[in-house]
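Data file: my_file_19.pdb. Format and content: PDB, C-alpha atoms, pLDDT in the B column.
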```pdb
ATOM      1  CA  MET A   1     375.286 -39.447  13.916  1.00 65.00           C
ATOM      2  CA  ASP A   2     373.873 -36.746  16.160  1.00 89.00           C
ATOM      3  CA  LYS A   3     370.167 -36.170  15.807  1.00 96.00           C
ATOM      4  CA  LEU A   4     368.954 -33.089  13.976  1.00 97.00           C
ATOM      5  CA  PHE A   5     367.455 -30.086  15.733  1.00 98.00           C
ATOM      6  CA  TYR A   6     365.044 -27.433  14.462  1.00 98.00           C
ATOM      7  CA  GLU A   7     368.003 -25.227  13.469  1.00 97.00           C
ATOM      8  CA  ASP A   8     369.301 -27.957  11.127  1.00 97.00           C
ATOM      9  CA  PHE A   9     366.322 -27.471   8.796  1.00 98.00           C
ATOM     10  CA  ALA A  10     365.793 -24.592   6.356  1.00 98.00           C
ATOM     11  CA  VAL A  11     362.880 -23.220   4.357  1.00 98.00           C
ATOM     12  CA  GLY A  12     363.156 -24.601   0.827  1.00 98.00           C
ATOM     13  CA  GLN A  13     365.080 -27.686   1.927  1.00 98.00           C
ATOM     14  CA  GLU A  14     364.068 -30.794   0.004  1.00 98.00           C
ATOM     15  CA  ILE A  15     364.330 -34.275   1.507  1.00 98.00           C
ATOM     16  CA  GLN A  16     364.153 -37.286  -0.789  1.00 98.00           C
ATOM     17  CA  LEU A  17     361.682 -40.085   0.023  1.00 98.00           C
ATOM     18  CA  GLY A  18     361.740 -43.726  -1.024  1.00 97.00           C
ATOM     19  CA  PRO A  19     361.755 -45.630  -3.226  1.00 98.00           C
ATOM     20  CA  ILE A  20     359.383 -48.286  -1.976  1.00 98.00           C
ATOM     21  CA  THR A  21     357.600 -50.938  -4.064  1.00 98.00           C
ATOM     22  CA  VAL A  22     354.026 -51.866  -3.204  1.00 98.00           C
ATOM     23  CA  THR A  23     353.160 -55.560  -3.527  1.00 98.00           C
ATOM     24  CA  ALA A  24     349.765 -57.148  -4.068  1.00 98.00           C
ATOM     25  CA  GLU A  25     350.174 -59.044  -0.801  1.00 98.00           C
ATOM     26  CA  GLU A  26     350.772 -55.826   1.153  1.00 98.00           C
ATOM     27  CA  ILE A  27     347.775 -54.121  -0.451  1.00 98.00           C
ATOM     28  CA  ILE A  28     345.478 -57.018   0.450  1.00 98.00           C
ATOM     29  CA  GLU A  29     346.890 -57.380   3.977  1.00 98.00           C
ATOM     30  CA  PHE A  30     346.471 -53.668   4.748  1.00 98.00           C
ATOM     31  CA  ALA A  31     342.990 -53.567   3.233  1.00 98.00           C
ATOM     32  CA  ALA A  32     341.820 -56.684   5.073  1.00 98.00           C
ATOM     33  CA  GLU A  33     342.631 -55.021   8.382  1.00 98.00           C
ATOM     34  CA  PHE A  34     341.893 -51.342   7.768  1.00 98.00           C
ATOM     35  CA  ASP A  35     339.908 -50.711   4.540  1.00 98.00           C
ATOM     36  CA  PRO A  36     338.197 -53.887   3.334  1.00 98.00           C
ATOM     37  CA  GLN A  37     336.621 -52.476   0.193  1.00 97.00           C
ATOM     38  CA  PRO A  38     336.538 -54.980  -2.709  1.00 97.00           C
ATOM     39  CA  MET A  39     338.912 -53.048  -5.021  1.00 96.00           C
ATOM     40  CA  HIS A  40     341.604 -53.296  -2.345  1.00 97.00           C
ATOM     41  CA  LEU A  41     341.081 -57.001  -1.680  1.00 98.00           C
ATOM     42  CA  SER A  42     341.272 -58.671  -5.101  1.00 96.00           C
ATOM     43  CA  GLU A  43     342.509 -58.067  -8.629  1.00 96.00           C
ATOM     44  CA  GLU A  44     339.142 -59.112 -10.058  1.00 96.00           C
ATOM     45  CA  ALA A  45     337.176 -56.646  -7.926  1.00 97.00           C
ATOM     46  CA  GLY A  46     339.731 -53.965  -8.708  1.00 96.00           C
ATOM     47  CA  LYS A  47     339.347 -54.566 -12.452  1.00 96.00           C
ATOM     48  CA  ALA A  48     335.567 -54.295 -12.088  1.00 96.00           C
ATOM     49  CA  SER A  49     335.961 -50.911 -10.383  1.00 96.00           C
ATOM     50  CA  LEU A  50     336.940 -47.608 -11.944  1.00 94.00           C
ATOM     51  CA  LEU A  51     340.455 -48.177 -10.524  1.00 95.00           C
ATOM     52  CA  GLY A  52     341.171 -50.828 -13.148  1.00 95.00           C
ATOM     53  CA  GLY A  53     343.026 -53.312 -10.958  1.00 96.00           C
ATOM     54  CA  LEU A  54     344.163 -54.123  -7.438  1.00 97.00           C
ATOM     55  CA  ALA A  55     344.744 -50.705  -5.895  1.00 98.00           C
ATOM     56  CA  ALA A  56     346.086 -49.662  -2.507  1.00 98.00           C
ATOM     57  CA  SER A  57     343.742 -47.862  -0.155  1.00 98.00           C
ATOM     58  CA  GLY A  58     344.474 -44.157   0.082  1.00 98.00           C
ATOM     59  CA  TRP A  59     345.119 -44.778   3.762  1.00 98.00           C
ATOM     60  CA  HIS A  60     347.708 -47.396   2.806  1.00 98.00           C
ATOM     61  CA  THR A  61     349.362 -44.857   0.501  1.00 98.00           C
ATOM     62  CA  SER A  62     349.384 -42.377   3.394  1.00 98.00           C
ATOM     63  CA  ALA A  63     350.967 -45.007   5.664  1.00 98.00           C
ATOM     64  CA  LEU A  64     353.648 -45.590   3.008  1.00 98.00           C
ATOM     65  CA  LEU A  65     354.354 -41.845   3.007  1.00 98.00           C
ATOM     66  CA  MET A  66     354.787 -41.998   6.784  1.00 98.00           C
ATOM     67  CA  ARG A  67     357.190 -44.956   6.449  1.00 98.00           C
ATOM     68  CA  MET A  68     359.261 -43.034   3.899  1.00 98.00           C
ATOM     69  CA  MET A  69     359.288 -39.939   6.145  1.00 98.00           C
ATOM     70  CA  ILE A  70     360.381 -42.079   9.107  1.00 97.00           C
ATOM     71  CA  ASP A  71     363.216 -43.607   7.075  1.00 97.00           C
ATOM     72  CA  ALA A  72     364.336 -40.296   5.538  1.00 97.00           C
ATOM     73  CA  TYR A  73     364.288 -37.899   8.499  1.00 97.00           C
ATOM     74  CA  VAL A  74     361.740 -38.318  11.301  1.00 97.00           C
ATOM     75  CA  LEU A  75     363.817 -40.750  13.386  1.00 96.00           C
ATOM     76  CA  LYS A  76     366.931 -38.697  12.642  1.00 97.00           C
ATOM     77  CA  CYS A  77     365.636 -35.589  14.405  1.00 97.00           C
ATOM     78  CA  HIS A  78     364.527 -34.522  17.867  1.00 97.00           C
ATOM     79  CA  GLY A  79     360.849 -34.757  17.011  1.00 97.00           C
ATOM     80  CA  GLU A  80     358.223 -33.830  19.580  1.00 97.00           C
ATOM     81  CA  GLY A  81     355.120 -34.975  17.709  1.00 95.00           C
ATOM     82  CA  ALA A  82     352.754 -33.264  15.304  1.00 96.00           C
ATOM     83  CA  PRO A  83     349.574 -31.240  15.781  1.00 94.00           C
ATOM     84  CA  GLY A  84     347.884 -32.871  12.784  1.00 94.00           C
ATOM     85  CA  ILE A  85     347.824 -32.928   9.026  1.00 97.00           C
ATOM     86  CA  GLU A  86     346.513 -29.984   7.010  1.00 98.00           C
ATOM     87  CA  PHE A  87     345.521 -32.054   4.002  1.00 98.00           C
ATOM     88  CA  VAL A  88     346.180 -35.223   2.080  1.00 98.00           C
ATOM     89  CA  GLU A  89     345.181 -35.716  -1.558  1.00 98.00           C
ATOM     90  CA  TRP A  90     345.154 -39.073  -3.308  1.00 98.00           C
ATOM     91  CA  LYS A  91     345.728 -38.009  -6.900  1.00 98.00           C
ATOM     92  CA  LYS A  92     346.014 -41.353  -8.716  1.00 97.00           C
ATOM     93  CA  PRO A  93     345.541 -44.973  -7.590  1.00 97.00           C
ATOM     94  CA  VAL A  94     348.585 -46.858  -6.380  1.00 98.00           C
ATOM     95  CA  MET A  95     348.522 -50.234  -8.084  1.00 97.00           C
ATOM     96  CA  ALA A  96     350.160 -53.523  -7.131  1.00 97.00           C
ATOM     97  CA  GLY A  97     353.751 -53.415  -8.380  1.00 97.00           C
ATOM     98  CA  ASP A  98     354.061 -49.621  -8.331  1.00 98.00           C
ATOM     99  CA  THR A  99     357.286 -48.133  -6.985  1.00 98.00           C
ATOM    100  CA  LEU A 100     356.779 -44.882  -5.101  1.00 98.00           C
ATOM    101  CA  SER A 101     359.281 -42.146  -4.409  1.00 98.00           C
ATOM    102  CA  GLY A 102     359.084 -38.435  -3.814  1.00 98.00           C
ATOM    103  CA  HIS A 103     360.160 -35.619  -1.609  1.00 98.00           C
ATOM    104  CA  THR A 104     359.341 -33.504   1.407  1.00 98.00           C
ATOM    105  CA  THR A 105     359.862 -29.748   1.151  1.00 98.00           C
ATOM    106  CA  VAL A 106     360.224 -27.503   4.189  1.00 98.00           C
ATOM    107  CA  GLU A 107     357.791 -24.620   3.589  1.00 98.00           C
ATOM    108  CA  GLU A 108     357.647 -22.728   6.885  1.00 98.00           C
ATOM    109  CA  MET A 109     359.475 -22.615  10.205  1.00 98.00           C
ATOM    110  CA  ARG A 110     358.566 -20.786  13.400  1.00 97.00           C
ATOM    111  CA  PRO A 111     359.277 -21.016  17.110  1.00 96.00           C
ATOM    112  CA  LEU A 112     356.343 -22.263  19.155  1.00 94.00           C
ATOM    113  CA  ARG A 113     355.412 -19.354  21.441  1.00 92.00           C
ATOM    114  CA  SER A 114     353.646 -21.544  23.986  1.00 93.00           C
ATOM    115  CA  ARG A 115     356.596 -23.952  24.345  1.00 93.00           C
ATOM    116  CA  PRO A 116     360.029 -22.281  24.368  1.00 94.00           C
ATOM    117  CA  GLY A 117     362.629 -24.608  22.907  1.00 96.00           C
ATOM    118  CA  ILE A 118     360.258 -26.149  20.369  1.00 97.00           C
ATOM    119  CA  GLY A 119     359.952 -25.096  16.741  1.00 97.00           C
ATOM    120  CA  VAL A 120     357.205 -25.905  14.258  1.00 98.00           C
ATOM    121  CA  ILE A 121     358.288 -27.038  10.815  1.00 98.00           C
ATOM    122  CA  THR A 122     355.604 -27.131   8.117  1.00 98.00           C
ATOM    123  CA  THR A 123     356.300 -29.479   5.230  1.00 98.00           C
ATOM    124  CA  ARG A 124     354.686 -30.407   1.921  1.00 98.00           C
ATOM    125  CA  HIS A 125     354.983 -33.961   0.599  1.00 98.00           C
ATOM    126  CA  ARG A 126     354.664 -35.345  -2.917  1.00 98.00           C
ATOM    127  CA  LEU A 127     354.797 -38.980  -4.000  1.00 98.00           C
ATOM    128  CA  VAL A 128     355.008 -40.225  -7.578  1.00 98.00           C
ATOM    129  CA  ASN A 129     354.937 -43.693  -9.114  1.00 98.00           C
ATOM    130  CA  GLN A 130     357.586 -45.182 -11.405  1.00 98.00           C
ATOM    131  CA  HIS A 131     356.033 -43.363 -14.384  1.00 98.00           C
ATOM    132  CA  GLY A 132     356.327 -39.973 -12.673  1.00 98.00           C
ATOM    133  CA  ASP A 133     352.556 -39.780 -12.083  1.00 98.00           C
ATOM    134  CA  ASN A 134     351.649 -37.808  -8.959  1.00 98.00           C
ATOM    135  CA  VAL A 135     349.851 -40.184  -6.560  1.00 98.00           C
ATOM    136  CA  LEU A 136     349.779 -38.205  -3.287  1.00 98.00           C
ATOM    137  CA  ASN A 137     350.137 -34.641  -2.009  1.00 98.00           C
ATOM    138  CA  ALA A 138     350.066 -33.747   1.673  1.00 98.00           C
ATOM    139  CA  ARG A 139     350.970 -30.936   4.054  1.00 98.00           C
ATOM    140  CA  ASN A 140     351.520 -30.984   7.788  1.00 98.00           C
ATOM    141  CA  ALA A 141     353.386 -29.397  10.651  1.00 98.00           C
ATOM    142  CA  ALA A 142     355.682 -31.118  13.126  1.00 98.00           C
ATOM    143  CA  MET A 143     357.268 -29.986  16.366  1.00 98.00           C
ATOM    144  CA  VAL A 144     361.039 -30.302  16.644  1.00 98.00           C
ATOM    145  CA  ARG A 145     363.250 -29.521  19.624  1.00 97.00           C
ATOM    146  CA  MET A 146     365.555 -26.515  19.277  1.00 97.00           C
ATOM    147  CA  ARG A 147     369.263 -26.768  19.952  1.00 95.00           C
ATOM    148  CA  GLN A 148     369.143 -23.475  21.858  1.00 82.00           C
ATOM    149  CA  VAL A 149     366.144 -22.330  23.850  1.00 77.00           C
ATOM    150  CA  PRO A 150     365.442 -18.658  23.077  1.00 67.00           C
ATOM    151  CA  GLY A 151     366.217 -16.423  26.056  1.00 67.00           C
ATOM    152  CA  VAL A 152     368.170 -19.145  27.917  1.00 64.00           C
ATOM    153  CA  ALA A 153     371.968 -18.877  28.151  1.00 58.00           C
ATOM    154  CA  GLN A 154     373.719 -21.995  26.931  1.00 56.00           C
TER     155      GLN A 154
END
```

Could I get this file's structure written as structure tokens?
Amino acid sequence: MDKLFYEDFAVGQEIQLGPITVTAEEIIEFAAEFDPQPMHLSEEAGKASLLGGLAASGWHTSALLMRMMIDAYVLKCHGEGAPGIEFVEWKKPVMAGDTLSGHTTVEEMRPLRSRPGIGVITTRHRLVNQHGDNVLNARNAAMVRMRQVPGVAQ
């Protein structure tokens, strides 16, 4: 399959993400390395917290979003990086055994004036658990190579 260019995306386009199931082992492994707070390291500590059980770090949930984006479309397009993330919201804890899925929606598209041949695609992301509970919202822009450089004959 040929990789996707900027022109292959459209405002309003929805891209499905996941599903991916989060295991207790993965939660503990991620937390031990990156966010070693007690509620992410053991079921007992999680139950003693307001989270009510072993819960993934919000950063782990964000990393899972990135994995789902990679699998769904990032590696399938001519990506040129991203200038950052506008926001990420952790709406509900992700618990051991949860299965996450969701979607990415293309909200805005514009050519990058400073770099002819590159377009900026702004997307909004939403992840839900197996019960349909919203667990994460995020929004960011990414740079994608254009098939045709404006002003250059092909």

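Between Gly58 in chain A and the candidates A:Gly12, A:Pro93, A:Pro36, A:Gly119, the tightest atom-to-atom separation, counting all atoms listed in the file, involves A:Pro93.
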
Q: Compile the contact shell of Asp71 in chain A as a ChimeraX atom specification: residues with an atom at most 9 Å away, counting only C-alpha atoms, same-chain residues fewer than 4 positions apart removed.
A: /A:17-18,66-67,75-76

Q: For Ser57 in chain A, list every protein, DNA or RNA residue within 12 Å, evaluated using only C-alpha atoms, and leave out those in the same chain fewer than 5 positions away; present the list as an NGL selection string.
A: :A and (22 or 24 or 26-41 or 46 or 51 or 62-64 or 90 or 92-96 or 135-136)

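When all atoms listed in the file are used to measure the gap to Val74 in chain A, the shortest distance among A:Val88, A:Leu4, A:Val11, A:Val149 belongs to A:Leu4.
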
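Between CA of Glu14 in chain A and CA of Asp133 in chain A there is a distance of 19.0 Å.
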
Could you write out as an mmCIF file with C-alpha atoms, in the coordinates of the input the residues that the PyMOL selection byres ((chain A and resi 105) around 10) matches in the shown file?
```
data_model
loop_
_atom_site.group_PDB
_atom_site.id
_atom_site.type_symbol
_atom_site.label_atom_id
_atom_site.label_comp_id
_atom_site.auth_asym_id
_atom_site.auth_seq_id
_atom_site.Cartn_x
_atom_site.Cartn_y
_atom_site.Cartn_z
ATOM 1 C CA ALA A 10 365.793 -24.592 6.356
ATOM 2 C CA VAL A 11 362.880 -23.220 4.357
ATOM 3 C CA GLY A 12 363.156 -24.601 0.827
ATOM 4 C CA GLN A 13 365.080 -27.686 1.927
ATOM 5 C CA GLU A 14 364.068 -30.794 0.004
ATOM 6 C CA ILE A 15 364.330 -34.275 1.507
ATOM 7 C CA GLN A 16 364.153 -37.286 -0.789
ATOM 8 C CA HIS A 103 360.160 -35.619 -1.609
ATOM 9 C CA THR A 104 359.341 -33.504 1.407
ATOM 10 C CA VAL A 106 360.224 -27.503 4.189
ATOM 11 C CA GLU A 107 357.791 -24.620 3.589
ATOM 12 C CA GLU A 108 357.647 -22.728 6.885
ATOM 13 C CA THR A 122 355.604 -27.131 8.117
ATOM 14 C CA THR A 123 356.300 -29.479 5.230
ATOM 15 C CA ARG A 124 354.686 -30.407 1.921
ATOM 16 C CA HIS A 125 354.983 -33.961 0.599
ATOM 17 C CA ARG A 126 354.664 -35.345 -2.917
ATOM 18 C CA ARG A 139 350.970 -30.936 4.054
#
```

Q. Which residues fall under the PyMOL selection byres ((chain A and resi 110) around 9) in this file, as an MDAnalysis selection string?
A. chainID A and resid 108:109 111:113 118:122

Could you take the residues named above and write them with C-alpha atoms, as a PDB file, in the coordinates of the input?
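result.pdb, freshly written:
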```pdb
ATOM      1  CA  GLU A 108     357.647 -22.728   6.885  1.00 98.00           C
ATOM      2  CA  MET A 109     359.475 -22.615  10.205  1.00 98.00           C
ATOM      3  CA  PRO A 111     359.277 -21.016  17.110  1.00 96.00           C
ATOM      4  CA  LEU A 112     356.343 -22.263  19.155  1.00 94.00           C
ATOM      5  CA  ARG A 113     355.412 -19.354  21.441  1.00 92.00           C
ATOM      6  CA  ILE A 118     360.258 -26.149  20.369  1.00 97.00           C
ATOM      7  CA  GLY A 119     359.952 -25.096  16.741  1.00 97.00           C
ATOM      8  CA  VAL A 120     357.205 -25.905  14.258  1.00 98.00           C
ATOM      9  CA  ILE A 121     358.288 -27.038  10.815  1.00 98.00           C
ATOM     10  CA  THR A 122     355.604 -27.131   8.117  1.00 98.00           C
TER      11      THR A 122
END
```

Report as a PDB file with C-alpha atoms, in the coordinates of the input all protein, DNA and RNA residues lying within 12 Å of Gly132 in chain A, evaluated on only C-alpha atoms, omitting residues in the same chain fewer than 5 positions from it.
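Heads up, here's the output in part.pdb:
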```
ATOM      1  CA  LYS A  92     346.014 -41.353  -8.716  1.00 97.00           C
ATOM      2  CA  ASP A  98     354.061 -49.621  -8.331  1.00 98.00           C
ATOM      3  CA  THR A  99     357.286 -48.133  -6.985  1.00 98.00           C
ATOM      4  CA  LEU A 100     356.779 -44.882  -5.101  1.00 98.00           C
ATOM      5  CA  SER A 101     359.281 -42.146  -4.409  1.00 98.00           C
ATOM      6  CA  GLY A 102     359.084 -38.435  -3.814  1.00 98.00           C
ATOM      7  CA  ARG A 126     354.664 -35.345  -2.917  1.00 98.00           C
ATOM      8  CA  LEU A 127     354.797 -38.980  -4.000  1.00 98.00           C
TER       9      LEU A 127
END
```
